[in-house]
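J.: Please find one structure pasted underneath; my questions will follow.
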Amino acid sequence: MWLKDSSIGRKLVMSISGLGLVFFLLFHGCMNLALVFSEEAYNWICSVLGANWYALVATLGLGALVLIHFLYAIYLTIQNRMARGKDRYAVTAKREGVEWESENMLVLGFVVIGFIVLHLANFWFKMQFTEIMHMCGAEDFAVATFGTVYAPTDGAGMVKALFTTPIWGQVYCVLYLVWLTALWFHLRHGVWSALHTMGFNNLVWMKRVKVISAVVATLVAGLFAIVVLYYLGYGIGMLCV
Amino acid sequence: MDNYIDIKVRVWRQAGPKAEGHFETYELKHIFQGASFLEMIDILNEQLISEHKDPIAFDHDCREGICGMCSMYVNGHPHGPDSAITTCQLHMRKFKDGETITIEPWRSRAFPVIKDLMVDREAYDKIMQAGGFVSVNTGGVPDANAIPIPKAHADEAMDAASCIGCGACAAACKNGSAMLFVSAKVSQLALLPQGKVEAAARAKAMVAKMDELGFGNCTNTGACAAECPKQVSLANIARLNREFLCAKLKD
């Protein structure tokens, strides 16, 4: 199978799974933005998604994309390290025009996925997973946020509790901002690299594709950051009052 | 203004392909900055021979930047700390008095060390043999203007054809990928009508050979193009990807 056995095939799998995840992030980011305007609107979105069949199918697909992207990254990195041979260079220099993030995609990926685990524990576990447990008969299943249990469809309540509870809320805000910074760097290289791998590039478009990549990375990270910054300000405001 | 400098040279010494290698440091006094880097190595070898030591083995041929033989990794850069030149075009004025210069061979599984700084780059020849040519039956010479070619295509093909196959791209790449070389060789033919006929088969054959020889997977860092002595563009890699993917999707 050439998607596994040829280098360009493997890269194509990375590109497509990566771009798929970018589209999910854009959707997720737009959805979050509702929080800034109306908590009711956000909770309505939560109830529409929840544990409905289409949301479950989409979640499975999303999980598959993350898994493929992760496993291929490990596979490619092992192969790439082997390609250097027995001895590695004693001296390596910085090269002009080579972006830092392009040489540290795996590390950035690990940072991103590490925070994803935290994020799933923070929200998904208390929302969709809890609903699934209820559907399976475990009626009493509930996970608390800082001591308070919120209904699985009260996403706004959970977000507010996690990000505005004094001190811990602000710690979470900073953690999420670190996560978004890593994501921004990962996408700034990832998006243009994916397009390049799929062959959508040439001498004229080289700079444009990189600009598109920076715009997409900023859009994704920015959409999420707005909500975090909103609650950071809200939390600090509550502390001062 | 070129002066005379005293330097230390830290060189990778390896007796043979199977032997363990190590660094050795040599002192060189009174080196003229107008000398080329390879002349400096020649002076060092003279010094080693007069001390009854084994001279350093290194590849070199034309010494004017067109043959692609010289292959030294100097202070972390293939072909040294200058841009768009080969090692033989590097001059000692790029180095300071008292500096320690580290010289290593290309490090790639597909380019095994033969001795010291000399590596076996037959892997690139094998990739070329897999498809880097145009099959034409010999006959009368056609008229030069019989096949019109757009100027832009001719220019881009010519730029890709400037690749001398020195191996700096695979040596510079953190993934040990040979994509810049393969993409240049695919592009120089795929852009022209004579080469277009076999473009799909060529891309598949050359990529298959590249993977088989143990080169890494390109992650588009751009280190290859940054270090290429002929400034071959990264855009060629996009073209190779396009050619390869289209060929595979048609199958």
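Residues in the structure tokens are numbered from 1 in each chain, the chains being A, B, ... in the order shown, and ligands are numbered from 1 in the order shown.
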Please report as a ChimeraX atom specification which residues of chain B come no farther than 7 Å from chain A, using only C-alpha atoms.

T.: /B:75-77,107-109,175-176,208,211,214-217,220-223,226,235,238-239,241-242

J.: For the residues selected in the previous step, produce a file with C-alpha atoms as a JSON list (two decimals), in the first residue's frame.

T.:
```
[["chain", "number", "residue", "atom", "x", "y", "z"],
["B", 75, "ASN", "CA", 31.01, 24.10, 11.45],
["B", 76, "GLY", "CA", 27.52, 22.65, 11.11],
["B", 77, "HIS", "CA", 26.98, 23.60, 7.46],
["B", 107, "ARG", "CA", 26.12, 11.83, 7.77],
["B", 108, "SER", "CA", 23.43, 9.73, 6.11],
["B", 109, "ARG", "CA", 22.67, 6.05, 6.25],
["B", 175, "ASN", "CA", 15.37, 13.94, 8.38],
["B", 176, "GLY", "CA", 18.13, 12.79, 6.02],
["B", 208, "ALA", "CA", 10.67, 4.18, -4.94],
["B", 211, "ASP", "CA", 12.81, 5.19, -0.25],
["B", 214, "GLY", "CA", 16.96, 4.49, 3.27],
["B", 215, "PHE", "CA", 16.64, 8.26, 2.87],
["B", 216, "GLY", "CA", 14.25, 9.96, 5.31],
["B", 217, "ASN", "CA", 10.82, 11.53, 4.86],
["B", 220, "ASN", "CA", 9.50, 20.73, 4.42],
["B", 221, "THR", "CA", 11.91, 22.41, 6.85],
["B", 222, "GLY", "CA", 13.73, 24.02, 3.93],
["B", 223, "ALA", "CA", 17.22, 23.28, 5.30],
["B", 226, "ALA", "CA", 19.06, 26.97, 2.43],
["B", 235, "ALA", "CA", 9.21, 24.60, -5.22],
["B", 238, "ALA", "CA", 6.03, 20.51, -4.50],
["B", 239, "ARG", "CA", 6.29, 19.56, -8.18],
["B", 241, "ASN", "CA", 4.86, 15.58, -4.82],
["B", 242, "ARG", "CA", 2.35, 16.63, -7.49]]
```

J.: Under the rule that only C-alpha atoms are counted, which of B:Thr102, B:Ser50, B:Asn3, B:Gln231 is the nearest residue to Ile164 of chain B?

T.: B:Gln231

J.: If you count only C-alpha atoms, which residues fall within 10 Å of Val113 of chain B, apart from same-chain ones fewer than 2 positions away, as a PyMOL selection string?

T.: chain B and resi 14-19+21+105-111+115-121

J.: Write the selection just made, keeping C-alpha atoms, as an mmCIF file, in the first residue's frame?

T.:
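Done, and the output landed in selection.cif:
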```cif
data_model
loop_
_atom_site.group_PDB
_atom_site.id
_atom_site.type_symbol
_atom_site.label_atom_id
_atom_site.label_comp_id
_atom_site.auth_asym_id
_atom_site.auth_seq_id
_atom_site.Cartn_x
_atom_site.Cartn_y
_atom_site.Cartn_z
ATOM 1 C CA GLN B 14 37.711 7.038 10.356
ATOM 2 C CA ALA B 15 40.042 4.320 9.031
ATOM 3 C CA GLY B 16 37.400 2.505 6.985
ATOM 4 C CA PRO B 17 33.669 1.897 6.466
ATOM 5 C CA LYS B 18 33.441 -0.539 9.379
ATOM 6 C CA ALA B 19 35.903 1.223 11.739
ATOM 7 C CA GLY B 21 35.447 7.081 13.907
ATOM 8 C CA PRO B 105 31.673 13.930 6.618
ATOM 9 C CA TRP B 106 28.072 13.888 5.257
ATOM 10 C CA ARG B 107 26.115 11.830 7.774
ATOM 11 C CA SER B 108 23.432 9.735 6.108
ATOM 12 C CA ARG B 109 22.665 6.052 6.247
ATOM 13 C CA ALA B 110 22.556 6.053 2.445
ATOM 14 C CA PHE B 111 26.011 7.719 2.202
ATOM 15 C CA LYS B 115 37.386 6.930 4.899
ATOM 16 C CA ASP B 116 37.675 10.106 6.991
ATOM 17 C CA LEU B 117 35.675 12.784 5.130
ATOM 18 C CA MET B 118 35.018 10.684 2.041
ATOM 19 C CA VAL B 119 31.516 9.196 1.667
ATOM 20 C CA ASP B 120 30.007 6.833 -0.886
ATOM 21 C CA ARG B 121 27.374 8.786 -2.810
#
```

J.: Please run DSSP on the backbone and report, as a list of chain:residue names, all residues within segment 34-166 of chain A that come out as strand (DSSP E or B).

T.: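 Here is the list: A:Ala144, A:Thr145, A:Thr148, A:Val149.
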
J.: Excluding segment 24-26 of chain B and residues on its chain fewer than 5 positions from it, collect all residues at most 6 Å away from it, counting only C-alpha atoms, and give them as a short mmCIF file (atom, residue, chain, number, x, y, z; two decimals) with C-alpha atoms, in the first residue's frame.

T.:
```
data_model
loop_
_atom_site.label_atom_id
_atom_site.label_comp_id
_atom_site.auth_asym_id
_atom_site.auth_seq_id
_atom_site.Cartn_x
_atom_site.Cartn_y
_atom_site.Cartn_z
CA LYS B 8 42.80 24.61 14.93
CA VAL B 9 41.10 22.03 12.76
CA ARG B 10 38.96 19.34 14.39
CA VAL B 11 38.54 16.60 11.80
#
```

J.: Taking the chain letters and numbering used in this document, name the residues of segment 82-178 of chain B that DSSP puts in alpha helix (DSSP H), as a tab-separated table (two decimals) with C-alpha atoms, in the first residue's frame.

T.:
```
chain	number	residue	atom	x	y	z
B	122	GLU	CA	26.51	6.00	-5.21
B	123	ALA	CA	22.96	6.17	-3.82
B	124	TYR	CA	22.31	9.29	-5.93
B	125	ASP	CA	23.60	7.48	-9.04
B	126	LYS	CA	21.23	4.61	-8.32
B	127	ILE	CA	18.29	7.03	-8.09
B	128	MET	CA	19.32	8.51	-11.46
B	129	GLN	CA	19.57	5.04	-12.99
B	130	ALA	CA	16.05	4.30	-11.77
B	131	GLY	CA	14.51	6.97	-13.98
B	151	LYS	CA	10.55	30.61	-21.61
B	152	ALA	CA	9.32	30.27	-18.00
B	153	HIS	CA	9.42	26.47	-18.24
B	154	ALA	CA	12.83	26.47	-19.87
B	155	ASP	CA	14.17	28.76	-17.12
B	156	GLU	CA	12.76	26.66	-14.31
B	157	ALA	CA	14.01	23.43	-15.88
B	158	MET	CA	17.45	25.03	-16.27
B	159	ASP	CA	17.49	26.11	-12.61
B	160	ALA	CA	16.56	22.58	-11.53
B	161	ALA	CA	19.24	21.17	-13.83
B	168	ALA	CA	24.40	18.57	0.64
B	169	CYS	CA	20.58	18.47	0.74
B	170	ALA	CA	20.41	15.02	2.34
B	171	ALA	CA	23.35	15.95	4.59
B	172	ALA	CA	21.70	19.18	5.78
```
